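Undergrad: To be precise about what I am sending: the file is called final-v3.pdb and holds PDB, C-alpha atoms, pLDDT in the B column.
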ATOM      1  CA  MET A   1       0.000   0.000   0.000  1.00 54.00           C
ATOM      2  CA  LYS A   2       1.313   3.465  -0.873  1.00 70.00           C
ATOM      3  CA  GLU A   3       1.828   5.627   2.179  1.00 77.00           C
ATOM      4  CA  TRP A   4       2.891   9.246   2.479  1.00 83.00           C
ATOM      5  CA  THR A   5       4.884  10.348   5.499  1.00 88.00           C
ATOM      6  CA  ALA A   6       5.940  13.764   6.771  1.00 91.00           C
ATOM      7  CA  ILE A   7       8.321  14.267   9.689  1.00 92.00           C
ATOM      8  CA  THR A   8       8.967  17.495  11.542  1.00 92.00           C
ATOM      9  CA  THR A   9      10.069  18.767  14.937  1.00 93.00           C
ATOM     10  CA  VAL A  10       7.820  21.138  16.878  1.00 92.00           C
ATOM     11  CA  GLN A  11       8.500  23.149  20.024  1.00 92.00           C
ATOM     12  CA  ALA A  12       5.908  21.431  22.201  1.00 93.00           C
ATOM     13  CA  LYS A  13       5.807  18.296  24.324  1.00 92.00           C
ATOM     14  CA  PRO A  14       4.210  15.180  22.787  1.00 94.00           C
ATOM     15  CA  GLU A  15       1.274  15.462  25.226  1.00 94.00           C
ATOM     16  CA  ALA A  16       0.529  18.997  23.994  1.00 93.00           C
ATOM     17  CA  VAL A  17       0.708  17.917  20.345  1.00 93.00           C
ATOM     18  CA  LEU A  18      -1.652  14.985  20.988  1.00 93.00           C
ATOM     19  CA  ALA A  19      -4.049  17.302  22.835  1.00 93.00           C
ATOM     20  CA  MET A  20      -4.082  19.663  19.829  1.00 91.00           C
ATOM     21  CA  LEU A  21      -4.558  16.823  17.315  1.00 92.00           C
ATOM     22  CA  THR A  22      -7.525  15.401  19.231  1.00 93.00           C
ATOM     23  CA  ASP A  23      -9.304  18.724  19.793  1.00 92.00           C
ATOM     24  CA  PRO A  24     -11.773  19.411  16.939  1.00 91.00           C
ATOM     25  CA  GLU A  25     -11.791  23.141  17.710  1.00 87.00           C
ATOM     26  CA  ALA A  26      -7.991  23.338  17.489  1.00 86.00           C
ATOM     27  CA  ALA A  27      -8.033  21.326  14.248  1.00 82.00           C
ATOM     28  CA  ARG A  28     -10.247  23.985  12.684  1.00 80.00           C
ATOM     29  CA  ARG A  29      -7.401  26.467  13.193  1.00 84.00           C
ATOM     30  CA  TRP A  30      -4.701  24.404  11.482  1.00 81.00           C
ATOM     31  CA  ALA A  31      -6.609  22.341   8.893  1.00 81.00           C
ATOM     32  CA  PRO A  32      -6.228  23.437   5.261  1.00 79.00           C
ATOM     33  CA  ILE A  33     -10.022  23.397   4.714  1.00 80.00           C
ATOM     34  CA  ASP A  34     -13.040  24.520   6.746  1.00 84.00           C
ATOM     35  CA  PHE A  35     -15.049  21.637   8.182  1.00 88.00           C
ATOM     36  CA  ASP A  36     -17.704  20.690  10.722  1.00 88.00           C
ATOM     37  CA  VAL A  37     -17.520  17.800  13.173  1.00 90.00           C
ATOM     38  CA  ASP A  38     -20.680  16.035  14.340  1.00 89.00           C
ATOM     39  CA  GLY A  39     -21.091  13.195  16.795  1.00 89.00           C
ATOM     40  CA  VAL A  40     -18.371  14.011  19.302  1.00 88.00           C
ATOM     41  CA  ARG A  41     -18.130  16.340  22.277  1.00 87.00           C
ATOM     42  CA  GLY A  42     -14.756  17.382  23.566  1.00 90.00           C
ATOM     43  CA  ARG A  43     -11.589  15.616  22.552  1.00 93.00           C
ATOM     44  CA  LEU A  44     -11.339  12.610  20.285  1.00 94.00           C
ATOM     45  CA  THR A  45     -10.406   9.525  22.275  1.00 96.00           C
ATOM     46  CA  SER A  46      -9.787   5.876  21.452  1.00 97.00           C
ATOM     47  CA  GLY A  47     -13.068   4.520  20.080  1.00 97.00           C
ATOM     48  CA  SER A  48     -14.517   7.934  19.161  1.00 96.00           C
ATOM     49  CA  LYS A  49     -16.610   8.139  16.012  1.00 96.00           C
ATOM     50  CA  ALA A  50     -17.519  11.363  14.256  1.00 94.00           C
ATOM     51  CA  TYR A  51     -18.816  12.703  10.963  1.00 94.00           C
ATOM     52  CA  VAL A  52     -16.628  15.371   9.369  1.00 92.00           C
ATOM     53  CA  SER A  53     -17.999  17.471   6.519  1.00 92.00           C
ATOM     54  CA  GLY A  54     -16.783  20.436   4.520  1.00 90.00           C
ATOM     55  CA  ARG A  55     -16.061  21.734   1.052  1.00 86.00           C
ATOM     56  CA  LEU A  56     -13.178  20.420  -0.999  1.00 80.00           C
ATOM     57  CA  ALA A  57     -12.477  21.581  -4.549  1.00 81.00           C
ATOM     58  CA  GLY A  58     -15.860  23.328  -4.599  1.00 85.00           C
ATOM     59  CA  ARG A  59     -17.832  20.226  -3.595  1.00 87.00           C
ATOM     60  CA  ASN A  60     -19.482  19.199  -0.348  1.00 91.00           C
ATOM     61  CA  VAL A  61     -17.794  16.109   1.059  1.00 91.00           C
ATOM     62  CA  GLY A  62     -18.205  14.099   4.228  1.00 92.00           C
ATOM     63  CA  PHE A  63     -16.277  11.385   6.018  1.00 93.00           C
ATOM     64  CA  ASP A  64     -17.095   8.917   8.765  1.00 95.00           C
ATOM     65  CA  VAL A  65     -14.104   9.061  11.097  1.00 95.00           C
ATOM     66  CA  GLU A  66     -13.145   6.426  13.646  1.00 97.00           C
ATOM     67  CA  VAL A  67     -10.339   6.916  16.145  1.00 97.00           C
ATOM     68  CA  HIS A  68      -8.597   3.600  16.746  1.00 98.00           C
ATOM     69  CA  GLU A  69      -6.012   4.871  19.236  1.00 98.00           C
ATOM     70  CA  ALA A  70      -5.349   8.199  20.927  1.00 97.00           C
ATOM     71  CA  VAL A  71      -2.858   7.459  23.697  1.00 96.00           C
ATOM     72  CA  ASP A  72       0.726   8.108  24.808  1.00 93.00           C
ATOM     73  CA  GLY A  73       2.202   9.713  21.698  1.00 95.00           C
ATOM     74  CA  LEU A  74       0.025   7.899  19.175  1.00 97.00           C
ATOM     75  CA  LEU A  75      -3.064   8.902  17.206  1.00 96.00           C
ATOM     76  CA  ARG A  76      -4.456   6.408  14.697  1.00 97.00           C
ATOM     77  CA  LEU A  77      -7.689   7.013  12.797  1.00 95.00           C
ATOM     78  CA  SER A  78      -9.489   6.073   9.622  1.00 95.00           C
ATOM     79  CA  ALA A  79     -11.869   8.087   7.474  1.00 92.00           C
ATOM     80  CA  ASP A  80     -14.336   6.726   4.937  1.00 91.00           C
ATOM     81  CA  GLY A  81     -16.074   8.953   2.418  1.00 89.00           C
ATOM     82  CA  PRO A  82     -15.593   9.675  -1.274  1.00 85.00           C
ATOM     83  CA  VAL A  83     -12.165   8.129  -0.668  1.00 82.00           C
ATOM     84  CA  GLY A  84     -10.973   6.216   2.357  1.00 84.00           C
ATOM     85  CA  PHE A  85      -7.739   6.751   4.182  1.00 87.00           C
ATOM     86  CA  ASP A  86      -5.868   5.815   7.317  1.00 92.00           C
ATOM     87  CA  VAL A  87      -3.818   8.327   9.280  1.00 92.00           C
ATOM     88  CA  ARG A  88      -1.227   7.747  11.971  1.00 94.00           C
ATOM     89  CA  TYR A  89       0.623  10.323  14.063  1.00 94.00           C
ATOM     90  CA  ASP A  90       3.613   9.135  16.077  1.00 96.00           C
ATOM     91  CA  LEU A  91       4.905  11.652  18.620  1.00 96.00           C
ATOM     92  CA  ALA A  92       8.264  11.305  20.347  1.00 97.00           C
ATOM     93  CA  PRO A  93      10.212  13.574  22.688  1.00 97.00           C
ATOM     94  CA  ALA A  94      13.017  15.491  20.978  1.00 95.00           C
ATOM     95  CA  PRO A  95      15.580  17.965  22.362  1.00 95.00           C
ATOM     96  CA  GLU A  96      13.620  20.870  20.829  1.00 86.00           C
ATOM     97  CA  GLY A  97      10.173  19.538  21.831  1.00 92.00           C
ATOM     98  CA  SER A  98       8.654  16.682  19.811  1.00 94.00           C
ATOM     99  CA  GLU A  99       9.268  14.790  16.626  1.00 94.00           C
ATOM    100  CA  VAL A 100       5.967  14.434  14.775  1.00 94.00           C
ATOM    101  CA  ARG A 101       5.695  11.698  12.166  1.00 93.00           C
ATOM    102  CA  ALA A 102       2.435  11.818  10.214  1.00 91.00           C
ATOM    103  CA  SER A 103       1.605   8.999   7.790  1.00 90.00           C
ATOM    104  CA  ALA A 104      -1.419   8.626   5.551  1.00 88.00           C
ATOM    105  CA  GLY A 105      -2.515   5.968   3.103  1.00 84.00           C
ATOM    106  CA  GLY A 106      -5.260   3.507   2.474  1.00 72.00           C
ATOM    107  CA  ALA A 107      -7.456   4.520  -0.466  1.00 62.00           C
ATOM    108  CA  LEU A 108      -5.936   2.087  -2.956  1.00 52.00           C
ATOM    109  CA  GLN A 109      -5.697  -0.760  -0.437  1.00 58.00           C
ATOM    110  CA  LYS A 110      -9.369  -0.332   0.497  1.00 57.00           C
ATOM    111  CA  ALA A 111     -10.380  -0.232  -3.168  1.00 58.00           C
ATOM    112  CA  ILE A 112      -8.511  -3.488  -3.834  1.00 56.00           C
ATOM    113  CA  ALA A 113     -10.190  -5.103  -0.810  1.00 61.00           C
ATOM    114  CA  ARG A 114     -13.627  -4.056  -2.119  1.00 62.00           C
ATOM    115  CA  ILE A 115     -12.784  -5.474  -5.553  1.00 57.00           C
ATOM    116  CA  GLY A 116     -11.836  -8.748  -3.885  1.00 62.00           C
ATOM    117  CA  VAL A 117     -15.109  -8.918  -1.954  1.00 63.00           C
ATOM    118  CA  GLU A 118     -17.144  -8.155  -5.095  1.00 65.00           C
ATOM    119  CA  ALA A 119     -15.210 -10.692  -7.161  1.00 63.00           C
ATOM    120  CA  ALA A 120     -15.607 -13.415  -4.520  1.00 66.00           C
ATOM    121  CA  ALA A 121     -19.347 -12.784  -4.323  1.00 72.00           C
ATOM    122  CA  ALA A 122     -19.807 -12.735  -8.109  1.00 65.00           C
ATOM    123  CA  TYR A 123     -17.747 -15.822  -8.950  1.00 60.00           C
TER
END
Show this structure as structure tokens.

TA:
Amino acid sequence: MKEWTAITTVQAKPEAVLAMLTDPEAARRWAPIDFDVDGVRGRLTSGSKAYVSGRLAGRNVGFDVEVHEAVDGLLRLSADGPVGFDVRYDLAPAPEGSEVRASAGGALQKAIARIGVEAAAAY
């Protein structure tokens, strides 16, 4: 599966970065698009489910989001909508604050899985 990864160092402790990543209100400040979050109050936690909607490339889009883990320097979630993707943030202490490793992938792998299910059912 193709995965894209970005790594950077930020001047904040891993706990502060995780708190920002799991706060829908904070995410509105740093996300590249405007969006609404329904179905969750407060921070995202392990097991949280939410519906995220907004406009992308001039179209209304929405995603069902499930948080698989949000603990001790790790945030793992998946989103299913017009495309599906999996996101993982690994946070580690660094001399300047935290190393943040963000990885995303999944759309192609999920499409292949769906093809397999359809093919098995049809043949």

Undergrad: Applied to this file, what does the PyMOL selection byres ((chain A and resi 20-24) around 12) return in terms of residues, put as JSON, numbers by chain?

TA: {"A": [12, 13, 14, 15, 16, 17, 18, 19, 25, 26, 27, 28, 29, 30, 31, 34, 35, 36, 37, 38, 39, 40, 41, 42, 43, 44, 45, 46, 48, 50, 51, 52, 66, 67, 69, 70, 71, 73, 74, 75, 76, 77, 87, 88, 89, 90, 91, 100, 102]}

Undergrad: Could you check how far atom CA of A:Asp86 sits from atom CA of A:Ile33, in Å to one decimal?

TA: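 Rounded to one decimal, the two atoms are 18.3 Å apart.
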
Undergrad: What does the distance between atom CA of A:Gly81 and atom CA of A:Ala57 come to in Å, to one decimal place?

TA: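 Distance between the two atoms: 14.9 Å.
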
Undergrad: Looking at A:Val61, A:Ile7, A:Leu56, A:Ala121, which one is nearest to A:Asp80, with distances taken over only C-alpha atoms?

TA: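 The answer is A:Val61, which sits nearest to A:Asp80.
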
Undergrad: Which of these, A:Val10, A:Gly47, A:Gly58, A:Phe63, has the shortest distance to A:Pro95 once you count all atoms listed in the file?

TA: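 Ranking A:Val10, A:Gly47, A:Gly58, A:Phe63 by distance to A:Pro95, first place goes to A:Val10.
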
Undergrad: Between atom CA of A:Glu99 and atom CA of A:Thr5, what is the distance in Å, rounded to a tenth?

TA: 12.8 Å

Undergrad: If I wrap all listed atoms of stretch 41-60 of chain A in a box with edges along x, y and z and add 4 Å on each side, what are its centre and edge lengths in Å to one decimal, as lines of an AutoDock Vina configuration file?

TA:
center_x = -14.6
center_y = 13.9
center_z = 9.5
size_x = 17.7
size_y = 26.8
size_z = 36.2

Undergrad: I need the residue nearest A:Thr9 from this list: A:Ser78, A:Ser98, A:Ser53, A:Asn60. Use only C-alpha atoms for the distance.

TA: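 Distance minimum relative to A:Thr9 lands on A:Ser98.
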
Undergrad: Given the file shown, enumerate the residues that the PyMOL selection byres ((chain A and resi 3) around 8) captures and present them as a PyMOL selection string.

TA: chain A and resi 1-2+4-5+103-106

Undergrad: Generate a file for stretch 5-24 of chain A, containing N, CA and C atoms, as a short mmCIF file (atom, residue, chain, number, x, y, z; two decimals), in the first residue's frame.

TA:
data_model
loop_
_atom_site.label_atom_id
_atom_site.label_comp_id
_atom_site.auth_asym_id
_atom_site.auth_seq_id
_atom_site.Cartn_x
_atom_site.Cartn_y
_atom_site.Cartn_z
N THR A 5 4.44 10.02 4.15
CA THR A 5 4.88 10.35 5.50
C THR A 5 5.57 11.70 5.51
N ALA A 6 5.27 12.49 6.53
CA ALA A 6 5.94 13.76 6.77
C ALA A 6 6.48 13.73 8.19
N ILE A 7 7.69 14.24 8.37
CA ILE A 7 8.32 14.27 9.69
C ILE A 7 8.80 15.69 9.95
N THR A 8 8.50 16.17 11.15
CA THR A 8 8.97 17.50 11.54
C THR A 8 9.19 17.52 13.04
N THR A 9 9.88 18.54 13.51
CA THR A 9 10.07 18.77 14.94
C THR A 9 9.33 20.04 15.31
N VAL A 10 8.56 19.98 16.39
CA VAL A 10 7.82 21.14 16.88
C VAL A 10 8.25 21.46 18.30
N GLN A 11 8.08 22.71 18.69
CA GLN A 11 8.50 23.15 20.02
C GLN A 11 7.36 23.00 21.02
N ALA A 12 6.95 21.76 21.22
CA ALA A 12 5.91 21.43 22.20
C ALA A 12 6.11 19.98 22.62
N LYS A 13 5.70 19.67 23.83
CA LYS A 13 5.81 18.30 24.32
C LYS A 13 4.82 17.40 23.58
N PRO A 14 5.12 16.09 23.48
CA PRO A 14 4.21 15.18 22.79
C PRO A 14 2.78 15.23 23.33
N GLU A 15 2.62 15.41 24.65
CA GLU A 15 1.27 15.46 25.23
C GLU A 15 0.50 16.67 24.69
N ALA A 16 1.18 17.79 24.51
CA ALA A 16 0.53 19.00 23.99
C ALA A 16 0.15 18.82 22.53
N VAL A 17 1.01 18.16 21.76
CA VAL A 17 0.71 17.92 20.34
C VAL A 17 -0.49 16.98 20.23
N LEU A 18 -0.51 15.91 21.03
CA LEU A 18 -1.65 14.98 20.99
C LEU A 18 -2.93 15.70 21.39
N ALA A 19 -2.86 16.55 22.40
CA ALA A 19 -4.05 17.30 22.83
C ALA A 19 -4.57 18.18 21.70
N MET A 20 -3.68 18.82 20.95
CA MET A 20 -4.08 19.66 19.83
C MET A 20 -4.67 18.83 18.69
N LEU A 21 -4.07 17.67 18.40
CA LEU A 21 -4.56 16.82 17.31
C LEU A 21 -5.94 16.24 17.60
N THR A 22 -6.25 16.03 18.87
CA THR A 22 -7.53 15.40 19.23
C THR A 22 -8.61 16.40 19.61
N ASP A 23 -8.34 17.67 19.47
CA ASP A 23 -9.30 18.72 19.79
C ASP A 23 -9.90 19.26 18.48
N PRO A 24 -11.17 18.95 18.20
CA PRO A 24 -11.77 19.41 16.94
C PRO A 24 -11.72 20.93 16.76
#
